[in-house]
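For reference, the structure is listed below as structure tokens.
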Amino acid sequence: MVFVNLSSCFVLLCWCFVTLLSAPSVVHSLAVPPQVNRKAVMTAAAIEFVKNRNPAEALSLYNNLPASPYLWQRGLVAYCASEFEVAGKQFRFDRSVNGGDGEEALWECASLARLNRPRSELLDSLPPKGLSLNDPRAVIRDSVKLFYDFLSLPPDSSPAPLVEKLLTSSNIDTDGDKTRFYADLYVALFYESLCPSPTLAQSYLAQALNTAYGKSSSDFMVATADNMNRL
């Protein structure tokens, strides 16, 4: 008799549990994950990337955030973690709402180049004619032009004149170390992706990091250069 009562209780409990699960409010609460604290994730990821120089761990943290534009940090982290597909898609997403940012065009193009995409696709990732008209920074506009003009040349053309043009323009001498840092960084990115030369890429990264800006700033881009230097 006791066994029968216990069995009945068990059946009743099961019925109650199924009934509760079938209620829309309960199903919804079980299906929706806790809301992600975006600020906390961004802070933790930045610490991993900037302080600990750990792009792989930083990327795993950024991946907890819902896919969205305005996450250029995730793109840079993905690039430095050698996740070039992820990086390219993030920069493309960002540019869908911020098309005038020349830097995001450079990083998308570099990501595609690291994936060995055809030259035509690399050109299409850059602003028309290589003119980043909405970017107020001369060094970024000139860097975009370097990428575009090189890709427009016949294969096996020497990039040296184009690189020299960038390094002697952009108001580098008058704008100071920050501009010099960015010029060297994007020449390094150029030699790392579009015109692969590990020796030259490392040389320009070292020059960028050796500027006063590279030595003293905690800027996310300085951390990017240093993480690239560790690839």
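Chain identifiers are assigned as A, B, and so on, following the order in which chains appear in the structure tokens; residues are numbered from 1 within each chain, and ligands are numbered from 1 in order of appearance.
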
Contact check, region 118-204 of chain A to region 217-220 of chain A, at most 12 Å, counting only C-alpha atoms, closest pairs as a tab-separated table:
```
residue	atom	partner	partner_atom	distance
A:Asp177	CA	A:Ser217	CA	10.9
A:Lys178	CA	A:Ser217	CA	9.4
A:Phe181	CA	A:Ser217	CA	10.8
A:Tyr182	CA	A:Asp219	CA	11.7
```

inquiry  = as number ranges by chain, please: the residues near Met42 (chain A) (cut-off 12 Å, only C-alpha atoms, same-chain neighbours under 2 positions excluded).
reply    = A: 36-40, 44-50, 58-65, 71-74, 77

key: For region 96-112 of chain A: contacts at 10 Å, only C-alpha atoms, fewer than 4 positions along chain excluded, given as a ChimeraX atom specification   = /A:69-70,72,75-76,78-79,82-92,116-119,121-127,130-137,139-148,186,189-194

Region 13-211 of chain A: residues DSSP assigns to helix (DSSP H, G or I), reported as a count of residues only = 140

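With CA of Thr211 (chain A) on one side and CA of Ala81 (chain A) on the other, the separation reads 24.3 Å.
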
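Taking CA of Leu167 (chain A) and CA of Thr179 (chain A) as the two end points, the separation is 10.1 Å.
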
key: Ser203 (chain A) environment, 12 Å, only C-alpha atoms, sequence neighbours closer than 3 positions dropped, as a ChimeraX atom specification   = /A:184-185,187-189,191-192,197-200,206-210,225,228-229

Any chance you could export the current selection's C-alpha atoms as a compact mmCIF listing (two decimals), in the first residue's frame?
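Saved result, again.txt, follows:
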```
# COMPACT_ATOMS: atom_id res chain seq x y z
CA ASP A 184 55.05 52.33 -39.53
CA LEU A 185 52.21 50.14 -38.26
CA VAL A 187 53.50 49.63 -43.61
CA ALA A 188 54.11 46.62 -41.35
CA LEU A 189 50.55 45.40 -41.97
CA TYR A 191 54.25 43.74 -45.64
CA GLU A 192 52.57 41.16 -43.44
CA SER A 197 57.87 39.94 -46.25
CA PRO A 198 58.20 38.82 -42.62
CA THR A 199 61.53 40.59 -42.23
CA LEU A 200 60.20 43.96 -43.37
CA ALA A 206 59.75 47.37 -34.23
CA GLN A 207 60.03 50.94 -35.52
CA ALA A 208 56.41 51.65 -34.60
CA LEU A 209 56.86 50.27 -31.10
CA ASN A 210 60.11 52.19 -30.72
CA ALA A 225 51.30 46.25 -32.87
CA MET A 228 51.36 41.36 -34.12
CA ASN A 229 55.04 41.41 -33.25
```

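Across the structure, CA of Ala223 (chain A) and CA of Arg53 (chain A) are spaced 7.3 Å apart.
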